[in-house]
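A short write-up of the structure that comes next.
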Amino acid sequence: MGLLSKKDAKLITDPLADNNPITIQVLGICSALAITAELKASLVMGIAVLFVLGIGNVVISLMRNIIPSKIRIIVQLIVVASLVIIVDQVLKAYAYELSKTLSVFVGLIITNCIIMGRFEAFALGNGPWKAFLDGIGNALGYAVILLVVGFFRELLGSGTLFGIPVLGDPIEKTGLYSIGYENNGFMLMPPMALIIVGLIIWVQRSRNTSLIEH
Amino acid sequence: MSTNTDTNKYTILFAIGMVVIVGSLLAFTASSLKPNIQENERMEKQQNILYAMGINENGATDIKFIGTDKVAGEFSKYISKQLIINIDGSSEENLEAYLIDVKKEQAKAKNGGTRLLPLFVGEKEGESFYIVPIRGKGLWDAIWGYVSLDENMVVQGAFFDHAAETPGLGANIKQRYFMDDFVGEQLLTASGDFKGITVAKGNNDPKNLTKDDYEVDALAGATITGDGVSAMIKSDLKLYLPYFKNLKTQLN
């Protein structure tokens with residue numbers, strides 16, 4: 001017997017592919033465009049969302065029977081905003097360097113519609129354990145796409161991965177650059193993230209035609 | 001037993017309860033962590049000032065400040081004077097000049113008040129460094145930095161930071177390759193007028209070998225942040241010109 005029942009495991013694996021929050025539900029596009037110009041930022045954002053969505057989903061799930069339905073969206077927003085702000089303050093006090101790295105992402109996490117979407121669609125109707133798994137699954141699904149987009153944007157746009165030059169030095173003209181290769185500055189622009197996400201959607205749907213809506 | 005959560009009364013009570021709980025939680029966190037956060041910010045300022053004059057633990061391409069455990073000692077060792085500059089170029093010493101909030105001073109100047117201009121004099125290996133804080137606007141939020149100059153207003157080191165520039169684009173002003181480009185650039189024309197340094201897209205000098213063109217190479221995809229850097233260098237460093245003119249007459 002595994003750690004998770006089959007049904008529970010599906011909560012994690014589904015959002016990774018056939019029910020991916022970005023490519024299938026088309027949520028969280030805003031932050032996917034904003035911070036995927038380099039792989040490191042994608043990774044940081046992925047981990048941050050993993051924390052917030054995992055914990056936030058549990059909190060909302062525990063509160064699901066007492067939240068008045070008329071103001072549930074506001075309540076969700078307050079929960080996620082306070083969570084993020086408290087974490088940010090604690091980091092500022094005890095891990096200042098880390099908080100400097102994350103500061104840019106705070107606003108993007110609060111307004112990430114994947115988080116609100118999972119609160120609304122899942123946590124309000126399910127128990128804490130399931131909600132936790134769903135949060136982790138969706139955050140991983142989000143992170144996977146971010147990393148793929150970040151990989152291509154940083155590689156083709158700057159010729160680096162995690163800031164390490166992998167194609168040679170564009171100024172000294174070594175490696176690939178010595179045979180006339182140039183970085184594509186367009187890859188650093190947000191619209192290219194949208195085009196890459198589009199390509200991922202295309203690949204995914206041509207491999208699994210049942211995903212195509214009619 | 002279950003309460004009806006759809007009544008107006010319940011909704012209003014819930015909202016009030018939530019606001020009180022969340023509000024006090026946030027207030028409690030903020031006030032209990034405030035001393036730690038302020039201490040971190042104070043040390044960061046010292047680290048940044050020291051960084052600009054070349055006191056850091058940098059490797060080949062990374063940025064590493066003096067450790068927080070020894071920053072206070074190094075700061076008092078290397079920074080020989082902390083000054084507040086007046087508009088006419090005269091100055092007075094103030095041991096807490098580094099705590100002056102440049103943002104507040106800029107706001108004062110905007111409202112017609114007098115702005116306090118902090119300047120730090122560092123001594124390293126017999127050379128003097130004049131370190132000036134600058135602050136301006138990037139694309140999304142504030143950007144700021146410290147520039148260390150020699151008595152001719154030639155840049156000896158620069159440190160930039162930002163509140164919320166786009167990672168991978170504008171946020172790269174905090175990268176070594178951008179900051180190091182400023183070293184050796186001049187701010188004054190041959191006749192002694194203030195010219196500033198422009199973050200320029202088309203200066204055709206990616207390695208920044210030409211040091212007398214008043215330009216450094218811009219970052220791809222970060223035009224507005226780059227313009228912000230040019231603007232804060234021009235507007236803030238210019239205010240120190242009288243001090244440097246006085247300094248030169250004194251030295252000669």
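Within each chain, counting starts at residue 1; across the structure tokens, chains are named A, B, ... in the order shown, with ligands numbered 1 upward in that order.
The protein and nucleic acid residues lying at most 6 Å from stretch 151-160 of chain A are A:Ala37, A:Glu38, A:Leu39, A:Val166, A:Leu167, A:Asn183, A:Asn184, A:Gly185, A:Met187, A:Leu188, with only C-alpha atoms considered and sequence neighbours fewer than 6 positions away removed.
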- Query: Hey, what's within 8 Å of B:Ala158 if we count only C-alpha atoms and toss same-chain stuff fewer than 2 positions away? As a PyMOL selection string, please?
  - Reply: chain B and resi 51-53+145-148+155-156+160+179-180+182-183
- Item | Counting only C-alpha atoms, chain B residues within 8 Å of chain A, as JSON, numbers by chain | {"B": [5, 6, 10, 11, 14, 22, 26, 29, 30, 33, 34, 36, 37, 40, 163, 164, 165, 166, 167, 168, 169, 206, 207, 220, 221]}
- Message: Give me the residues near A:Val26 as a list in words, where near means some atom within 12 Å (using only C-alpha atoms) and where sequence neighbours in that chain fewer than 2 positions away do not count.
- Response: Pro15, Asn19, Asn20, Pro21, Ile22, Thr23, Ile24, Gly28, Ile29, Cys30, Ser31, Ala32, Asn112, Cys113, Ile114, Gly117, Gly141, Tyr142, Ile145, Leu194, Val197, Gly198, Ile200 and Ile201 of chain A
Go ahead and save the picked residues with N, CA and C atoms, as an mmCIF file, in the first residue's frame.
```
data_model
loop_
_atom_site.group_PDB
_atom_site.id
_atom_site.type_symbol
_atom_site.label_atom_id
_atom_site.label_comp_id
_atom_site.auth_asym_id
_atom_site.auth_seq_id
_atom_site.Cartn_x
_atom_site.Cartn_y
_atom_site.Cartn_z
ATOM 1 N N PRO A 15 -3.081 17.789 -11.901
ATOM 2 C CA PRO A 15 -2.720 19.157 -12.299
ATOM 3 C C PRO A 15 -1.368 19.231 -12.993
ATOM 4 N N ASN A 19 -4.814 18.313 -16.203
ATOM 5 C CA ASN A 19 -5.647 19.381 -15.669
ATOM 6 C C ASN A 19 -4.751 20.503 -15.160
ATOM 7 N N ASN A 20 -3.711 20.797 -15.962
ATOM 8 C CA ASN A 20 -2.729 21.796 -15.535
ATOM 9 C C ASN A 20 -3.354 23.175 -15.371
ATOM 10 N N PRO A 21 -3.067 23.850 -14.253
ATOM 11 C CA PRO A 21 -3.695 25.152 -14.026
ATOM 12 C C PRO A 21 -3.370 26.175 -15.109
ATOM 13 N N ILE A 22 -2.162 26.134 -15.654
ATOM 14 C CA ILE A 22 -1.832 27.148 -16.668
ATOM 15 C C ILE A 22 -2.323 26.740 -18.046
ATOM 16 N N THR A 23 -1.953 25.535 -18.488
ATOM 17 C CA THR A 23 -2.238 25.210 -19.885
ATOM 18 C C THR A 23 -3.670 24.754 -20.126
ATOM 19 N N ILE A 24 -4.329 24.193 -19.114
ATOM 20 C CA ILE A 24 -5.703 23.745 -19.338
ATOM 21 C C ILE A 24 -6.715 24.725 -18.761
ATOM 22 N N GLY A 28 -3.372 32.009 -13.745
ATOM 23 C CA GLY A 28 -2.005 32.356 -13.338
ATOM 24 C C GLY A 28 -1.114 32.783 -14.483
ATOM 25 N N ILE A 29 -1.707 33.150 -15.613
ATOM 26 C CA ILE A 29 -0.923 33.565 -16.778
ATOM 27 C C ILE A 29 -0.121 34.825 -16.481
ATOM 28 N N CYS A 30 -0.726 35.734 -15.740
ATOM 29 C CA CYS A 30 -0.092 37.025 -15.456
ATOM 30 C C CYS A 30 1.290 36.830 -14.855
ATOM 31 N N SER A 31 1.366 36.024 -13.782
ATOM 32 C CA SER A 31 2.669 35.848 -13.156
ATOM 33 C C SER A 31 3.577 34.991 -14.033
ATOM 34 N N ALA A 32 2.993 34.113 -14.840
ATOM 35 C CA ALA A 32 3.825 33.292 -15.730
ATOM 36 C C ALA A 32 4.518 34.163 -16.768
ATOM 37 N N ASN A 112 -2.260 36.014 -7.482
ATOM 38 C CA ASN A 112 -2.214 34.879 -8.395
ATOM 39 C C ASN A 112 -3.576 34.177 -8.434
ATOM 40 N N CYS A 113 -4.177 34.114 -9.616
ATOM 41 C CA CYS A 113 -5.549 33.593 -9.641
ATOM 42 C C CYS A 113 -5.604 32.080 -9.457
ATOM 43 N N ILE A 114 -4.466 31.388 -9.577
ATOM 44 C CA ILE A 114 -4.490 29.952 -9.277
ATOM 45 C C ILE A 114 -4.856 29.755 -7.814
ATOM 46 N N GLY A 117 -8.394 30.563 -7.335
ATOM 47 C CA GLY A 117 -9.156 29.551 -8.063
ATOM 48 C C GLY A 117 -9.254 28.240 -7.289
ATOM 49 N N GLY A 141 2.034 21.793 -10.688
ATOM 50 C CA GLY A 141 1.669 21.949 -12.090
ATOM 51 C C GLY A 141 2.029 23.322 -12.613
ATOM 52 N N TYR A 142 1.789 24.317 -11.767
ATOM 53 C CA TYR A 142 2.131 25.700 -12.098
ATOM 54 C C TYR A 142 3.646 25.848 -12.238
ATOM 55 N N ILE A 145 5.253 24.360 -15.520
ATOM 56 C CA ILE A 145 5.137 25.211 -16.704
ATOM 57 C C ILE A 145 6.068 26.413 -16.598
ATOM 58 N N LEU A 194 3.992 34.181 -23.450
ATOM 59 C CA LEU A 194 2.657 33.793 -23.888
ATOM 60 C C LEU A 194 2.759 32.854 -25.087
ATOM 61 N N VAL A 197 3.881 29.465 -23.846
ATOM 62 C CA VAL A 197 2.751 28.778 -23.207
ATOM 63 C C VAL A 197 1.812 28.240 -24.290
ATOM 64 N N GLY A 198 1.601 29.051 -25.333
ATOM 65 C CA GLY A 198 0.759 28.614 -26.443
ATOM 66 C C GLY A 198 1.307 27.358 -27.102
ATOM 67 N N ILE A 200 3.232 25.147 -25.685
ATOM 68 C CA ILE A 200 3.071 24.016 -24.763
ATOM 69 C C ILE A 200 1.640 23.482 -24.862
ATOM 70 N N ILE A 201 0.674 24.400 -24.904
ATOM 71 C CA ILE A 201 -0.727 23.981 -25.013
ATOM 72 C C ILE A 201 -0.934 23.177 -26.296
#
```
- Query: Contacts of A:Gly127 at 9 Å or less, counting only C-alpha atoms, minus same-chain residues fewer than 6 places along, as a ChimeraX atom specification?
  - Reply: /A:58,61-62,64
- Item | Coordinates-based distance that separates atom CA of A:Asp169 from atom CA of B:Val154 (Å, one decimal) | 29.1 Å
- Item | Spatial neighbours of B:Lys245, max dist 9 Å, only C-alpha atoms, sep filter under 5 positions, as a PyMOL selection string | chain B and resi 89+151-152+192+240+250
Residue list (helix (DSSP H, G or I), DSSP) for stretch 7-196 of chain A, as a PDB file with C-alpha atoms, in the first residue's frame:
```pdb
ATOM      1  CA  LYS A   7      -7.794   8.990  -5.572  1.00  0.00           C
ATOM      2  CA  ASP A   8      -5.528  11.131  -3.422  1.00  0.00           C
ATOM      3  CA  ALA A   9      -2.559  10.565  -5.717  1.00  0.00           C
ATOM      4  CA  LYS A  10      -4.676  11.754  -8.634  1.00  0.00           C
ATOM      5  CA  LEU A  11      -5.133  15.074  -6.835  1.00  0.00           C
ATOM      6  CA  ILE A  12      -1.412  15.623  -7.188  1.00  0.00           C
ATOM      7  CA  THR A  13      -0.752  14.092 -10.596  1.00  0.00           C
ATOM      8  CA  ASP A  14      -3.768  15.483 -12.461  1.00  0.00           C
ATOM      9  CA  PRO A  15      -2.720  19.157 -12.299  1.00  0.00           C
ATOM     10  CA  LEU A  16       0.745  18.196 -13.541  1.00  0.00           C
ATOM     11  CA  ILE A  29      -0.923  33.565 -16.778  1.00  0.00           C
ATOM     12  CA  CYS A  30      -0.092  37.025 -15.456  1.00  0.00           C
ATOM     13  CA  SER A  31       2.669  35.848 -13.156  1.00  0.00           C
ATOM     14  CA  ALA A  32       3.825  33.292 -15.730  1.00  0.00           C
ATOM     15  CA  LEU A  33       4.516  36.165 -18.117  1.00  0.00           C
ATOM     16  CA  ALA A  34       6.074  38.442 -15.547  1.00  0.00           C
ATOM     17  CA  LEU A  39      14.993  30.188 -14.514  1.00  0.00           C
ATOM     18  CA  LYS A  40      15.908  31.187 -10.969  1.00  0.00           C
ATOM     19  CA  ALA A  41      12.915  33.498 -10.660  1.00  0.00           C
ATOM     20  CA  SER A  42      10.640  30.736 -11.990  1.00  0.00           C
ATOM     21  CA  LEU A  43      11.939  28.363  -9.352  1.00  0.00           C
ATOM     22  CA  VAL A  44      11.562  30.864  -6.512  1.00  0.00           C
ATOM     23  CA  MET A  45       8.034  31.711  -7.590  1.00  0.00           C
ATOM     24  CA  GLY A  46       7.146  28.020  -7.903  1.00  0.00           C
ATOM     25  CA  ILE A  47       8.347  27.255  -4.385  1.00  0.00           C
ATOM     26  CA  ALA A  48       6.633  30.332  -2.931  1.00  0.00           C
ATOM     27  CA  VAL A  49       3.308  29.396  -4.519  1.00  0.00           C
ATOM     28  CA  LEU A  50       3.763  25.818  -3.308  1.00  0.00           C
ATOM     29  CA  PHE A  51       3.935  27.057   0.285  1.00  0.00           C
ATOM     30  CA  VAL A  52       1.118  29.553   0.040  1.00  0.00           C
ATOM     31  CA  LEU A  53      -1.268  27.293  -1.869  1.00  0.00           C
ATOM     32  CA  GLY A  54      -0.564  24.265   0.330  1.00  0.00           C
ATOM     33  CA  ILE A  55      -1.144  26.137   3.586  1.00  0.00           C
ATOM     34  CA  GLY A  56      -3.866  28.456   2.249  1.00  0.00           C
ATOM     35  CA  ASN A  57      -5.909  25.554   0.916  1.00  0.00           C
ATOM     36  CA  VAL A  58      -5.810  23.881   4.335  1.00  0.00           C
ATOM     37  CA  VAL A  59      -6.811  27.081   6.131  1.00  0.00           C
ATOM     38  CA  ILE A  60      -9.725  27.725   3.783  1.00  0.00           C
ATOM     39  CA  SER A  61     -10.771  24.088   3.979  1.00  0.00           C
ATOM     40  CA  LEU A  62     -10.846  24.245   7.788  1.00  0.00           C
ATOM     41  CA  SER A  69     -20.971  32.534   1.006  1.00  0.00           C
ATOM     42  CA  LYS A  70     -21.736  36.191   0.277  1.00  0.00           C
ATOM     43  CA  ILE A  71     -18.288  37.386   1.264  1.00  0.00           C
ATOM     44  CA  ARG A  72     -16.268  34.257   0.572  1.00  0.00           C
ATOM     45  CA  ILE A  73     -14.042  35.829  -2.079  1.00  0.00           C
ATOM     46  CA  ILE A  74     -13.054  38.634   0.285  1.00  0.00           C
ATOM     47  CA  VAL A  75     -12.359  36.123   3.031  1.00  0.00           C
ATOM     48  CA  GLN A  76     -10.157  34.109   0.670  1.00  0.00           C
ATOM     49  CA  LEU A  77      -8.282  37.221  -0.333  1.00  0.00           C
ATOM     50  CA  ILE A  78      -7.722  38.191   3.288  1.00  0.00           C
ATOM     51  CA  VAL A  79      -6.448  34.722   4.165  1.00  0.00           C
ATOM     52  CA  VAL A  80      -3.920  34.641   1.330  1.00  0.00           C
ATOM     53  CA  ALA A  81      -2.827  38.248   1.812  1.00  0.00           C
ATOM     54  CA  SER A  82      -2.269  37.865   5.557  1.00  0.00           C
ATOM     55  CA  LEU A  83      -0.419  34.584   5.071  1.00  0.00           C
ATOM     56  CA  VAL A  84       1.928  36.141   2.560  1.00  0.00           C
ATOM     57  CA  ILE A  85       2.481  39.294   4.591  1.00  0.00           C
ATOM     58  CA  ILE A  86       3.215  37.387   7.793  1.00  0.00           C
ATOM     59  CA  VAL A  87       5.698  35.133   6.019  1.00  0.00           C
ATOM     60  CA  ASP A  88       7.288  38.187   4.413  1.00  0.00           C
ATOM     61  CA  GLN A  89       7.647  39.954   7.776  1.00  0.00           C
ATOM     62  CA  VAL A  90       9.149  36.897   9.457  1.00  0.00           C
ATOM     63  CA  LEU A  91      11.636  36.504   6.614  1.00  0.00           C
ATOM     64  CA  LYS A  92      12.544  40.196   6.844  1.00  0.00           C
ATOM     65  CA  ALA A  93      13.316  39.752  10.522  1.00  0.00           C
ATOM     66  CA  TYR A  94      15.127  36.420  10.465  1.00  0.00           C
ATOM     67  CA  TYR A  96      16.832  39.184   5.430  1.00  0.00           C
ATOM     68  CA  GLU A  97      18.766  38.050   2.358  1.00  0.00           C
ATOM     69  CA  LEU A  98      16.040  35.609   1.378  1.00  0.00           C
ATOM     70  CA  SER A  99      13.341  38.215   1.895  1.00  0.00           C
ATOM     71  CA  LYS A 100      15.163  40.563  -0.496  1.00  0.00           C
ATOM     72  CA  THR A 101      15.002  37.879  -3.167  1.00  0.00           C
ATOM     73  CA  LEU A 102      11.323  37.251  -2.550  1.00  0.00           C
ATOM     74  CA  SER A 103      10.121  40.842  -2.135  1.00  0.00           C
ATOM     75  CA  VAL A 104       9.262  41.199  -5.814  1.00  0.00           C
ATOM     76  CA  PHE A 105       7.068  38.131  -5.705  1.00  0.00           C
ATOM     77  CA  VAL A 106       4.897  39.060  -2.727  1.00  0.00           C
ATOM     78  CA  GLY A 107       2.417  41.081  -4.750  1.00  0.00           C
ATOM     79  CA  LEU A 108       2.368  38.521  -7.534  1.00  0.00           C
ATOM     80  CA  ILE A 109       1.575  35.698  -5.118  1.00  0.00           C
ATOM     81  CA  ILE A 110      -1.354  37.525  -3.520  1.00  0.00           C
ATOM     82  CA  CYS A 113      -5.549  33.593  -9.641  1.00  0.00           C
ATOM     83  CA  ILE A 114      -4.490  29.952  -9.277  1.00  0.00           C
ATOM     84  CA  ILE A 115      -4.542  30.454  -5.531  1.00  0.00           C
ATOM     85  CA  MET A 116      -7.966  32.087  -5.515  1.00  0.00           C
ATOM     86  CA  GLY A 117      -9.156  29.551  -8.063  1.00  0.00           C
ATOM     87  CA  ARG A 118      -8.188  26.541  -5.955  1.00  0.00           C
ATOM     88  CA  PHE A 119      -9.649  28.101  -2.791  1.00  0.00           C
ATOM     89  CA  GLU A 120     -12.916  28.690  -4.581  1.00  0.00           C
ATOM     90  CA  ALA A 121     -13.109  25.498  -6.627  1.00  0.00           C
ATOM     91  CA  ALA A 123     -10.860  24.002  -0.677  1.00  0.00           C
ATOM     92  CA  LEU A 124     -14.379  25.315  -0.014  1.00  0.00           C
ATOM     93  CA  GLY A 125     -15.851  21.890  -0.753  1.00  0.00           C
ATOM     94  CA  PRO A 128      -8.122  19.704   4.796  1.00  0.00           C
ATOM     95  CA  TRP A 129      -6.021  16.675   3.730  1.00  0.00           C
ATOM     96  CA  LYS A 130      -7.512  16.566   0.257  1.00  0.00           C
ATOM     97  CA  ALA A 131      -7.269  20.338  -0.008  1.00  0.00           C
ATOM     98  CA  PHE A 132      -3.603  20.163   0.966  1.00  0.00           C
ATOM     99  CA  LEU A 133      -2.869  17.579  -1.739  1.00  0.00           C
ATOM    100  CA  ASP A 134      -4.817  19.580  -4.287  1.00  0.00           C
ATOM    101  CA  GLY A 135      -2.854  22.701  -3.357  1.00  0.00           C
ATOM    102  CA  ILE A 136       0.479  20.913  -3.680  1.00  0.00           C
ATOM    103  CA  GLY A 137      -0.564  19.334  -6.984  1.00  0.00           C
ATOM    104  CA  ASN A 138      -1.691  22.566  -8.557  1.00  0.00           C
ATOM    105  CA  ALA A 139       1.316  24.479  -7.331  1.00  0.00           C
ATOM    106  CA  LEU A 140       3.578  21.803  -8.830  1.00  0.00           C
ATOM    107  CA  GLY A 141       1.669  21.949 -12.090  1.00  0.00           C
ATOM    108  CA  TYR A 142       2.131  25.700 -12.098  1.00  0.00           C
ATOM    109  CA  ALA A 143       5.828  25.408 -11.253  1.00  0.00           C
ATOM    110  CA  VAL A 144       6.462  22.868 -14.026  1.00  0.00           C
ATOM    111  CA  ILE A 145       5.137  25.211 -16.704  1.00  0.00           C
ATOM    112  CA  LEU A 146       7.016  28.151 -15.191  1.00  0.00           C
ATOM    113  CA  LEU A 147      10.246  26.183 -15.292  1.00  0.00           C
ATOM    114  CA  VAL A 148       9.731  25.070 -18.897  1.00  0.00           C
ATOM    115  CA  VAL A 149       8.968  28.631 -20.011  1.00  0.00           C
ATOM    116  CA  GLY A 150      11.839  30.002 -17.913  1.00  0.00           C
ATOM    117  CA  PHE A 151      14.216  27.430 -19.386  1.00  0.00           C
ATOM    118  CA  PHE A 152      13.527  28.452 -22.974  1.00  0.00           C
ATOM    119  CA  ARG A 153      13.369  32.180 -22.299  1.00  0.00           C
ATOM    120  CA  GLU A 154      16.629  32.288 -20.380  1.00  0.00           C
ATOM    121  CA  LEU A 155      18.437  29.896 -22.747  1.00  0.00           C
ATOM    122  CA  LEU A 156      17.392  31.596 -25.977  1.00  0.00           C
ATOM    123  CA  GLY A 157      17.210  35.135 -24.593  1.00  0.00           C
ATOM    124  CA  SER A 158      20.363  35.354 -22.490  1.00  0.00           C
ATOM    125  CA  GLY A 175      31.225  28.806 -27.987  1.00  0.00           C
ATOM    126  CA  LEU A 176      28.140  29.016 -30.187  1.00  0.00           C
ATOM    127  CA  TYR A 177      28.605  32.753 -30.603  1.00  0.00           C
ATOM    128  CA  SER A 178      31.833  32.193 -32.524  1.00  0.00           C
ATOM    129  CA  ILE A 179      29.842  30.717 -35.441  1.00  0.00           C
ATOM    130  CA  GLY A 185      16.345  39.669 -27.131  1.00  0.00           C
ATOM    131  CA  PHE A 186      12.689  39.121 -27.964  1.00  0.00           C
ATOM    132  CA  MET A 187      12.694  36.086 -25.698  1.00  0.00           C
ATOM    133  CA  LEU A 188      13.124  38.387 -22.705  1.00  0.00           C
ATOM    134  CA  PRO A 190       6.696  39.068 -21.749  1.00  0.00           C
ATOM    135  CA  PRO A 191       4.791  38.304 -25.000  1.00  0.00           C
ATOM    136  CA  MET A 192       7.261  35.520 -25.763  1.00  0.00           C
ATOM    137  CA  ALA A 193       6.190  33.774 -22.550  1.00  0.00           C
ATOM    138  CA  LEU A 194       2.657  33.793 -23.888  1.00  0.00           C
ATOM    139  CA  ILE A 195       3.833  32.311 -27.180  1.00  0.00           C
ATOM    140  CA  ILE A 196       5.784  29.576 -25.376  1.00  0.00           C
TER     141      ILE A 196
END
```
- Item | Separation of atom CA of B:Asp213 from atom CA of B:Ser230, in Å and rounded to one decimal | 13.7 Å
- Item | Picked from stretch 198-234 of chain B by DSSP as strand (DSSP E), as a VMD selection string | chain B and resid 198 to 200 215 to 217
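Here atom CA of B:Val121 is placed at a distance of 17.5 Å from atom CA of B:Lys238.
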- Message: Which residues are near B:Thr198? Cut-off 7 Å, only C-alpha atoms, ignore same chain within fewer than 5 positions. Put them as a count of residues only.
- Response: 4
